Amino acid sequence: MPNALQLAVEEEYNHLEQDAVIRKVEFSDWATPMVNVPMSDGSTRSCGNYAITVNPHLNVPSYRIPLPEDIFHKLRGGQKYTKLDLKNTYQQLTLDEESEVCHHKHQLAIVFGVTKFYMYLFGRTFTLHTDRKPFLKIFSPQGSMSVLAASRLQRWAILLSFFRYDIKYKSSSDIANADALSRLPLEFKHYASIESPIFHVAAQQVIQHPVKAHQIAQDTAHDKTLAKVLAFTQNGWNIRECHDPDLKPYLKQRHELSIEQGCLIWGLRVIIPPNLRKPILKELHWSHPGVARMKSMARCHVWWPKLDADLEQITRVCLQCSKTWNALPAAPLCPWTWPSGPWKSVHVDVATSEGKNYLILVNAYSKWPDLKND
Ligand SMILES: [Zn+2]
């Protein structure tokens, strides 16, 4: 709970308790995260976020929303009317996604800073200083964001709208302190870096491929198109420079591209340079699983433009593939029966990672995972 809100929230809860809207309990079968919204008069409004807790368990009868004409017809001849105050009725809205491009690392820095110091900033008025003039418009508390703005921008603007702030321009030379903090080399880089565990999964993905990461990195750097994609992903996409039609498929997914060990990654899929596509196709085709299965396997690991067409081409000329695929019966969906309590039923599996063996156990009732290594 942000420090500035603690008193106001306590007061709000006391009021709600006095009005018998809520009551104190020691224990409860149900719990839900609370969101406390500061109001202009200094009070707060407390909302429960039921979307992830209660709502999925509700039985919602669906019926047509009545038209005003229907309602007025039913109300005709009425003698007494009442006004309902719905100020404590809330809705949570999700927004649609569209794309556009900008200096996202600097924007992320603002969002990261504000989120990191949430406890100190929320509920107070503060000033954001930036050396990027476009941000004054993009993140202005008074401004409204274009509906065509990138989904990432939309989310960040919504996040910032919870805070009370002014945004001001300061030239780069005047905020050298921020530059120094972000760019001075750290002496103990090993301890300071939190990136490696985060990217561990992506790194593992690269290691397990039939072609090695360094080969992919080397060929990516030497391929005319992929070298450009690599540079754009590193330095930001300049759409005006992307006339090359070969760049088009990458341009579409530029917001989801990243680099791991010199390889281009789309989501969790490694982008394979042209001369390494053959061994990958061979690996995917190894047990003649048929085109649908090959596509779904490829979707977990690799990508390149026209990948699906390449897979279709292989199976089209392979007799065994079509036979195997047609012979497979469709397996009926058979869900596990829900256990009546914790530890009545568990799922167990083994896994190996970096030479270590792991026993994984999941309690079927609560989905609680447990891990033990040798
Ligand atoms: Zn085949």
# chains A, B, ... in the order shown; residues from 1 in each chain; ligands from 1

$ residues_near_ligand --ligand "ligand 1" --cutoff "10 Å" --atoms "only C-alpha atoms and all ligand atoms" --output "MDAnalysis selection string"
chainID A and resid 282 284:291 294 311 314:325

$ atom_distance --atom1 "atom CA of A:Phe122" --atom2 "atom CA of A:Ala4"
7.0 Å

$ residues_around --residues "stretch 27-42 of chain A" --least-positions-apart "2" --cutoff "8 Å" --atoms "only C-alpha atoms" --output "MDAnalysis selection string"
chainID A and resid 5 8:9 25 44:50 52:54 123 162

$ write_last_selection --atoms "C-alpha atoms" --output "CSV table (one decimal), in the first residue's frame"
chain,number,residue,atom,x,y,z
A,5,LEU,CA,-2.8,6.4,0.8
A,8,ALA,CA,-7.3,7.5,3.5
A,9,VAL,CA,-7.8,3.8,2.7
A,25,VAL,CA,-13.6,-11.7,9.1
A,44,THR,CA,-10.1,6.8,-1.8
A,45,ARG,CA,-12.4,4.4,-3.5
A,46,SER,CA,-11.7,0.7,-3.0
A,47,CYS,CA,-12.5,-1.8,-5.7
A,48,GLY,CA,-12.0,-5.5,-5.7
A,49,ASN,CA,-10.5,-7.0,-8.9
A,50,TYR,CA,-12.8,-10.0,-9.2
A,52,ILE,CA,-9.3,-13.3,-11.7
A,53,THR,CA,-11.0,-14.7,-8.6
A,54,VAL,CA,-14.8,-14.7,-8.3
A,123,GLY,CA,-0.9,9.3,-4.2
A,162,PHE,CA,-2.9,6.0,-12.2

$ residues_around --residues "A:Val302" --least-positions-apart "6" --cutoff "6 Å" --atoms "only C-alpha atoms" --output "PyMOL selection string"
chain A and resi 269-271

$ closest_residue --among "A:Gln313, A:Asp349, A:Gly236, A:Ser340" --to "A:Ala364" --atoms "only C-alpha atoms"
A:Ser340

$ residues_around --residues "A:Asn373" --least-positions-apart "6" --cutoff "9 Å" --atoms "only C-alpha atoms" --output "list in words"
Lys356, Asn357, Tyr358, Leu359 and Ile360 of chain A

$ write_last_selection --atoms "N, CA and C atoms" --output "PDB file, in the first residue's frame"
ATOM      1  N   LYS A 356      21.704 -31.841 -14.829  1.00  0.00           N
ATOM      2  CA  LYS A 356      21.059 -32.158 -13.542  1.00  0.00           C
ATOM      3  C   LYS A 356      19.707 -32.786 -13.812  1.00  0.00           C
ATOM      4  N   ASN A 357      19.361 -33.771 -12.949  1.00  0.00           N
ATOM      5  CA  ASN A 357      18.050 -34.402 -13.088  1.00  0.00           C
ATOM      6  C   ASN A 357      17.084 -33.805 -12.078  1.00  0.00           C
ATOM      7  N   TYR A 358      15.866 -33.576 -12.521  1.00  0.00           N
ATOM      8  CA  TYR A 358      14.862 -32.979 -11.645  1.00  0.00           C
ATOM      9  C   TYR A 358      13.627 -33.869 -11.573  1.00  0.00           C
ATOM     10  N   LEU A 359      13.078 -33.970 -10.366  1.00  0.00           N
ATOM     11  CA  LEU A 359      11.791 -34.627 -10.201  1.00  0.00           C
ATOM     12  C   LEU A 359      10.766 -33.520  -9.985  1.00  0.00           C
ATOM     13  N   ILE A 360       9.763 -33.489 -10.841  1.00  0.00           N
ATOM     14  CA  ILE A 360       8.750 -32.437 -10.734  1.00  0.00           C
ATOM     15  C   ILE A 360       7.439 -33.061 -10.285  1.00  0.00           C
TER      16      ILE A 360
END

$ closest_residue --among "A:Ala221, A:Gly341, A:Trp303, A:His347" --to "A:Tyr365" --atoms "only C-alpha atoms"
A:Gly341

$ closest_residue --among "A:Leu371, A:Ile175, A:Leu226, A:Leu121" --to "A:Thr352" --atoms "only C-alpha atoms"
A:Leu371
